[in-house]
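**Student:** Structure file structure_14.cif, mmCIF, C-alpha atoms and all ligand atoms, is pasted below:
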```
data_coords
#
loop_
_atom_site.label_atom_id
_atom_site.label_comp_id
_atom_site.auth_asym_id
_atom_site.auth_seq_id
_atom_site.Cartn_x
_atom_site.Cartn_y
_atom_site.Cartn_z
CA MET A 1 0.00 0.00 0.00
CA THR A 2 1.60 3.26 -1.08
CA ARG A 3 0.51 6.65 0.08
CA PRO A 4 1.22 9.95 -1.69
CA ALA A 5 4.57 11.67 -1.27
CA PRO A 6 5.05 13.53 2.03
CA ALA A 7 3.80 17.08 2.19
CA THR A 8 6.58 19.62 2.40
CA ASP A 9 4.11 22.27 3.48
CA HIS A 10 3.22 21.60 7.09
CA SER A 11 0.91 24.58 7.38
CA THR A 12 -1.82 22.90 9.31
CA THR A 13 -5.22 24.10 8.30
CA ALA A 14 -8.09 22.60 10.22
CA GLU A 15 -8.94 20.35 7.28
CA ALA A 16 -5.39 19.15 6.64
CA ALA A 17 -4.54 18.27 10.24
CA ALA A 18 -4.77 14.60 11.21
CA LEU A 19 -4.61 15.68 14.84
CA ARG A 20 -6.10 18.94 16.07
CA LEU A 21 -6.51 20.20 19.62
CA THR A 22 -8.52 23.38 20.07
CA GLY A 23 -8.70 25.28 23.33
CA VAL A 24 -7.76 22.21 25.34
CA THR A 25 -7.65 22.69 29.08
CA LEU A 26 -7.11 19.84 31.52
CA ARG A 27 -7.56 20.33 35.24
CA LEU A 28 -6.48 17.53 37.55
CA GLY A 29 -6.71 16.92 41.27
CA SER A 30 -9.33 17.76 43.82
CA ASP A 31 -11.21 21.06 44.11
CA GLN A 32 -8.93 22.19 46.93
CA GLN A 33 -5.71 21.27 45.12
CA GLN A 34 -6.46 21.72 41.47
CA VAL A 35 -3.63 21.69 38.92
CA THR A 36 -4.03 23.08 35.41
CA ALA A 37 -2.05 20.43 33.51
CA LEU A 38 -2.98 21.87 30.09
CA ASP A 39 -3.99 25.48 29.62
CA ALA A 40 -5.90 26.50 26.46
CA VAL A 41 -3.71 24.41 24.13
CA ASP A 42 -4.19 24.81 20.38
CA LEU A 43 -2.28 22.37 18.21
CA ALA A 44 -2.57 20.99 14.70
CA VAL A 45 -0.33 18.28 13.25
CA ALA A 46 -0.35 17.46 9.54
CA PRO A 47 0.10 14.07 7.86
CA GLY A 48 3.81 13.38 7.38
CA GLU A 49 4.87 15.83 10.10
CA LEU A 50 7.07 14.95 13.08
CA LEU A 51 6.37 17.37 15.91
CA ALA A 52 8.59 17.28 18.99
CA VAL A 53 7.20 18.58 22.28
CA THR A 54 9.65 19.32 25.01
CA GLY A 55 9.39 21.02 28.40
CA PRO A 56 10.41 20.69 32.03
CA SER A 57 9.14 18.00 34.35
CA GLY A 58 5.52 18.66 35.31
CA SER A 59 4.90 20.98 32.35
CA GLY A 60 2.11 18.79 30.96
CA LYS A 61 3.80 16.55 28.37
CA SER A 62 2.21 13.28 29.52
CA SER A 63 -1.11 15.06 29.88
CA LEU A 64 -0.86 16.26 26.29
CA LEU A 65 -0.30 12.72 25.01
CA ALA A 66 -3.09 11.33 27.19
CA VAL A 67 -5.58 13.89 25.87
CA ALA A 68 -4.41 13.65 22.24
CA GLY A 69 -4.69 9.87 22.47
CA GLY A 70 -8.18 9.93 23.92
CA LEU A 71 -7.03 8.29 27.17
CA GLN A 72 -8.10 11.34 29.13
CA ASN A 73 -10.99 13.67 28.35
CA PRO A 74 -10.07 17.36 28.63
CA THR A 75 -11.93 19.66 31.00
CA ALA A 76 -12.57 21.97 28.03
CA GLY A 77 -11.81 22.04 24.33
CA THR A 78 -11.97 19.62 21.41
CA VAL A 79 -9.62 16.88 20.19
CA HIS A 80 -10.03 15.88 16.55
CA VAL A 81 -8.34 12.69 15.39
CA ALA A 82 -8.83 11.79 11.73
CA GLY A 83 -11.70 14.29 11.56
CA VAL A 84 -13.65 13.07 14.61
CA ASP A 85 -13.90 14.94 17.90
CA LEU A 86 -12.95 12.38 20.57
CA THR A 87 -14.63 14.43 23.28
CA THR A 88 -18.05 13.82 21.73
CA LEU A 89 -17.68 10.02 21.66
CA LYS A 90 -18.93 7.52 24.20
CA GLU A 91 -16.22 5.49 25.96
CA HIS A 92 -16.57 2.40 23.72
CA GLN A 93 -16.65 4.55 20.57
CA ARG A 94 -13.54 6.40 21.70
CA THR A 95 -11.73 3.12 22.36
CA ALA A 96 -12.64 1.88 18.87
CA HIS A 97 -11.60 5.14 17.20
CA ARG A 98 -8.34 5.14 19.14
CA GLY A 99 -7.53 1.59 18.04
CA ARG A 100 -8.25 2.39 14.43
CA HIS A 101 -6.49 5.73 14.07
CA ILE A 102 -3.80 6.11 16.75
CA GLY A 103 -0.50 4.28 17.27
CA TYR A 104 1.55 4.55 20.47
CA VAL A 105 5.26 4.20 21.08
CA PHE A 106 6.20 4.07 24.75
CA GLN A 107 9.31 4.93 26.73
CA HIS A 108 10.12 1.24 27.06
CA ALA A 109 8.94 -0.89 24.18
CA ASN A 110 6.57 -2.86 26.49
CA LEU A 111 6.83 -6.02 24.40
CA PHE A 112 5.33 -9.35 25.46
CA ALA A 113 8.15 -11.56 26.76
CA SER A 114 6.75 -14.75 25.21
CA LEU A 115 6.16 -13.41 21.69
CA THR A 116 8.59 -13.01 18.82
CA ALA A 117 9.08 -9.65 17.12
CA ARG A 118 6.69 -10.63 14.32
CA GLU A 119 4.10 -11.97 16.77
CA GLN A 120 4.08 -8.64 18.65
CA LEU A 121 2.79 -7.01 15.45
CA LEU A 122 0.40 -9.83 14.60
CA LEU A 123 -1.14 -9.80 18.07
CA THR A 124 -1.94 -6.10 17.69
CA ALA A 125 -3.63 -6.86 14.37
CA HIS A 126 -5.49 -9.85 15.87
CA VAL A 127 -6.83 -7.81 18.82
CA ALA A 128 -8.13 -5.23 16.34
CA GLY A 129 -9.79 -7.98 14.27
CA ARG A 130 -7.52 -7.23 11.33
CA LEU A 131 -5.24 -10.22 11.06
CA ASP A 132 -5.71 -10.56 7.31
CA HIS A 133 -3.29 -11.16 4.45
CA GLU A 134 -2.71 -7.45 3.87
CA THR A 135 -1.87 -6.80 7.51
CA ARG A 136 0.51 -9.80 7.68
CA GLN A 137 2.27 -8.44 4.64
CA ARG A 138 2.41 -4.99 6.17
CA ALA A 139 3.89 -6.45 9.37
CA ASP A 140 6.71 -8.07 7.40
CA GLU A 141 7.30 -4.87 5.40
CA LEU A 142 7.47 -2.84 8.61
CA LEU A 143 9.90 -5.28 10.25
CA GLU A 144 12.04 -4.93 7.13
CA ALA A 145 11.76 -1.13 7.21
CA VAL A 146 12.91 -0.92 10.84
CA GLY A 147 15.80 -3.29 10.15
CA MET A 148 14.35 -6.20 12.13
CA ALA A 149 13.47 -8.68 9.37
CA ALA A 150 16.42 -10.92 10.24
CA ARG A 151 15.36 -10.97 13.90
CA ALA A 152 11.61 -11.26 13.31
CA ASP A 153 11.56 -14.65 15.06
CA HIS A 154 13.49 -13.48 18.13
CA ARG A 155 11.81 -12.90 21.49
CA PRO A 156 12.56 -9.65 23.37
CA ASP A 157 15.16 -11.27 25.67
CA ARG A 158 17.31 -11.83 22.60
CA LEU A 159 17.02 -8.21 21.41
CA SER A 160 18.90 -5.08 22.46
CA GLY A 161 17.06 -2.05 23.89
CA GLY A 162 17.29 -0.25 20.54
CA GLU A 163 16.02 -3.31 18.68
CA ARG A 164 13.07 -3.62 21.04
CA GLN A 165 12.25 0.02 20.47
CA ARG A 166 12.36 -0.59 16.69
CA VAL A 167 9.86 -3.43 17.11
CA GLY A 168 7.72 -1.08 19.22
CA ILE A 169 7.72 1.46 16.38
CA ALA A 170 6.82 -1.20 13.79
CA ARG A 171 4.02 -2.46 16.06
CA ALA A 172 2.65 1.08 16.46
CA LEU A 173 2.42 1.38 12.66
CA VAL A 174 0.97 -2.03 11.85
CA LEU A 175 -2.65 -0.84 11.69
CA ALA A 176 -1.64 2.16 9.52
CA PRO A 177 -2.69 4.84 12.03
CA GLU A 178 -3.07 8.47 10.95
CA VAL A 179 -1.68 9.67 14.28
CA LEU A 180 1.41 8.38 16.09
CA LEU A 181 1.99 9.38 19.72
CA VAL A 182 5.48 8.80 21.06
CA ASP A 183 6.50 9.11 24.70
CA GLU A 184 10.22 9.63 25.45
CA PRO A 185 11.36 7.05 22.88
CA THR A 186 15.08 7.42 23.57
CA SER A 187 15.25 7.72 27.34
CA ALA A 188 16.38 4.11 27.79
CA LEU A 189 18.94 4.21 24.97
CA ASP A 190 22.56 5.27 24.55
CA ARG A 191 23.41 8.14 22.16
CA ALA A 192 24.01 6.04 19.05
CA ARG A 193 20.84 3.97 19.54
CA ALA A 194 18.83 7.11 20.35
CA ARG A 195 19.91 8.67 17.07
CA GLU A 196 19.01 5.54 15.11
CA VAL A 197 15.58 5.31 16.72
CA VAL A 198 14.66 8.96 16.19
CA ASP A 199 15.88 8.91 12.58
CA LEU A 200 13.76 5.81 12.08
CA LEU A 201 10.73 7.56 13.57
CA ALA A 202 11.25 10.53 11.26
CA ALA A 203 11.61 8.25 8.22
CA GLN A 204 8.53 6.21 9.11
CA THR A 205 6.50 9.38 9.76
CA ARG A 206 7.26 10.51 6.23
CA ALA A 207 6.90 7.10 4.58
CA HIS A 208 3.52 6.38 6.19
CA ARG A 209 2.29 9.99 6.35
CA THR A 210 1.47 9.80 10.05
CA ALA A 211 0.97 12.93 12.11
CA THR A 212 3.54 12.18 14.81
CA VAL A 213 3.85 13.85 18.21
CA MET A 214 7.01 12.92 20.10
CA VAL A 215 7.39 14.04 23.69
CA THR A 216 11.02 14.20 24.76
CA HIS A 217 13.49 15.59 27.27
CA ASP A 218 16.32 14.72 24.90
CA HIS A 219 17.48 17.93 23.23
CA GLU A 220 20.01 16.08 21.08
CA ILE A 221 17.27 14.49 18.99
CA LEU A 222 15.20 17.61 18.34
CA ASP A 223 16.90 18.23 14.99
CA ALA A 224 15.06 15.19 13.58
CA ALA A 225 11.71 16.96 14.09
CA ASP A 226 9.98 19.19 11.54
CA ARG A 227 8.79 21.45 14.36
CA VAL A 228 9.59 21.80 18.05
CA LEU A 229 7.15 23.22 20.61
CA THR A 230 7.72 23.75 24.31
CA LEU A 231 5.27 23.20 27.14
CA ARG A 232 5.55 25.41 30.20
CA ASP A 233 2.98 25.20 32.98
CA GLY A 234 0.54 23.60 30.56
CA ARG A 235 0.94 26.27 27.90
CA LEU A 236 2.31 25.39 24.49
CA THR A 237 4.70 27.83 22.82
N1 LIG A 301 -3.64 12.65 38.73
C1 LIG A 301 -3.18 13.88 38.97
N2 LIG A 301 -3.73 14.64 39.93
C2 LIG A 301 -3.29 15.89 40.19
N3 LIG A 301 -2.28 16.48 39.49
C3 LIG A 301 -1.69 15.77 38.52
C4 LIG A 301 -2.08 14.42 38.22
N4 LIG A 301 -1.30 13.97 37.20
C5 LIG A 301 -0.46 14.97 36.91
N5 LIG A 301 -0.67 16.04 37.69
C6 LIG A 301 0.02 17.34 37.63
O1 LIG A 301 -0.23 17.90 36.35
C7 LIG A 301 0.92 18.60 35.88
C8 LIG A 301 1.35 18.03 34.53
O2 LIG A 301 1.78 16.69 34.71
P1 LIG A 301 2.38 15.81 33.51
O3 LIG A 301 2.60 14.43 34.05
O4 LIG A 301 1.52 15.97 32.32
O5 LIG A 301 3.80 16.53 33.26
P2 LIG A 301 5.09 16.03 32.42
O6 LIG A 301 5.56 17.23 31.67
O7 LIG A 301 4.72 14.83 31.64
O8 LIG A 301 6.11 15.65 33.56
P3 LIG A 301 7.37 14.61 33.51
O9 LIG A 301 8.32 15.15 32.47
O10 LIG A 301 7.92 14.72 34.90
O11 LIG A 301 6.81 13.26 33.17
C9 LIG A 301 1.98 18.45 36.98
O12 LIG A 301 1.94 19.60 37.77
C10 LIG A 301 1.52 17.23 37.74
O13 LIG A 301 1.95 17.31 39.09
#
```
The structure in this file should be written as structure tokens.
**Tutor:**
Amino acid sequence: MTRPAPATDHSTTAEAAALRLTGVTLRLGSDQQQVTALDAVDLAVAPGELLAVTGPSGSGKSSLLAVAGGLQNPTAGTVHVAGVDLTTLKEHQRTAHRGRHIGYVFQHANLFASLTAREQLLLTAHVAGRLDHETRQRADELLEAVGMAARADHRPDRLSGGERQRVGIARALVLAPEVLLVDEPTSALDRARAREVVDLLAAQTRAHRTATVMVTHDHEILDAADRVLTLRDGRLT
């Protein structure tokens, strides 16, 4: 399955954005001790764009991913993923929409110990009810693309940290999501592996035209992003 060439123009009109947050505020905690984790955030990410979001500890980075991924409903504002406002959906509809349109890459790859690299991808497809010929083929293509074809039958205990992270990236892409949310992908890796992983993320973002948001503390990888935004006290600048 080939998609059109990546857009070079990342100007994110409402229509073009695969992910769009408008006026998103998230308040957490009790009435007495309320924290504004996100404060009137507006954000639009286009297909094929890698956006890096950085910011100090407690600035709202995890909250941003949780809201963008539909894991947390904002106190105010709208969150459009692939044209649908997640905040208007019922819980089961949101879960279904999330599964269909959003891929996640975590800080640690979070692979199943008993499954091979290929099986990690196939399980994701199976859970989504999409373990068909096309998806199996896509899984093999992705393992090839992330340089893991030769180790597709290895379990995680026989893979390095960087290799596990590569499998995690391939797994996040197996259902061809429009939006890819990435949480500190390099924090467990040495410099060389971190560079490989972020370059791979950038390449896959372009190849698969995902709108990718990567939260990171790691300033050395920011050059791989098309755009860098900073969160401070829940405000995005
Ligand atoms: N469940 C919660 N209840 C109350 N406050 C919370 C809760 N979760 C997070 N917060 C607060 O919301 C703010 C944003 O937290 P968040 O975890 O999004 O920041 P972060 O930038 O991801 O931090 P880090 O880089 O340390 O992971 C912080 O002030 C945090 O203390």
**Student:** Would you be able to write out as a ChimeraX atom specification which residues have an atom within 7 Å of (0.8, 25.1, 32.6) in the file's coordinates, counting all atoms listed in the file?
**Tutor:** /A:36-39,59-60,232-235
**Student:** Restrict the selected residues to C-alpha atoms and save them as a PDB file, in the frame of the given file.
**Tutor:**
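Once written, again.pdb looks like this:
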```pdb
ATOM      1  CA  THR A  36      -4.030  23.080  35.410  1.00  0.00           C
ATOM      2  CA  ALA A  37      -2.050  20.430  33.510  1.00  0.00           C
ATOM      3  CA  LEU A  38      -2.980  21.870  30.090  1.00  0.00           C
ATOM      4  CA  ASP A  39      -3.990  25.480  29.620  1.00  0.00           C
ATOM      5  CA  SER A  59       4.900  20.980  32.350  1.00  0.00           C
ATOM      6  CA  GLY A  60       2.110  18.790  30.960  1.00  0.00           C
ATOM      7  CA  ARG A 232       5.550  25.410  30.200  1.00  0.00           C
ATOM      8  CA  ASP A 233       2.980  25.200  32.980  1.00  0.00           C
ATOM      9  CA  GLY A 234       0.540  23.600  30.560  1.00  0.00           C
ATOM     10  CA  ARG A 235       0.940  26.270  27.900  1.00  0.00           C
TER      11      ARG A 235
END
```
**Student:** Edge lengths and centre, in Å to one decimal, as JSON: that's what I need for the box along x, y and z that holds all listed atoms of range 78-89 of chain A plus 8 Å on each side.
**Tutor:**
```
{"center_x": -13.2, "center_y": 14.8, "center_z": 17.4, "size_x": 25.7, "size_y": 25.6, "size_z": 27.7}
```
**Student:** Residues within 7 Å of ligand LIG 301 (chain A), counting all atoms listed in the file: report them as JSON, numbers by chain.
**Tutor:** {"A": [28, 29, 34, 35, 36, 37, 55, 56, 57, 58, 59, 60, 61, 62, 63, 64, 234]}
**Student:** Can you list, as a VMD selection string, every protein, DNA or RNA residue that comes within 7 Å of Arg195 in chain A when you count all atoms listed in the file, leaving out same-chain residues fewer than 4 positions away?
**Tutor:** chain A and resid 191 199 221
**Student:** Would you mind reading off the distance between CA of Met148 in chain A and CA of His219 in chain A, one decimal, in Å?
**Tutor:** 26.7 Å
**Student:** For the atom pair CA of Thr205 in chain A and CA of Thr78 in chain A, what is the interatomic distance in Å to one decimal place?
**Tutor:** 24.1 Å
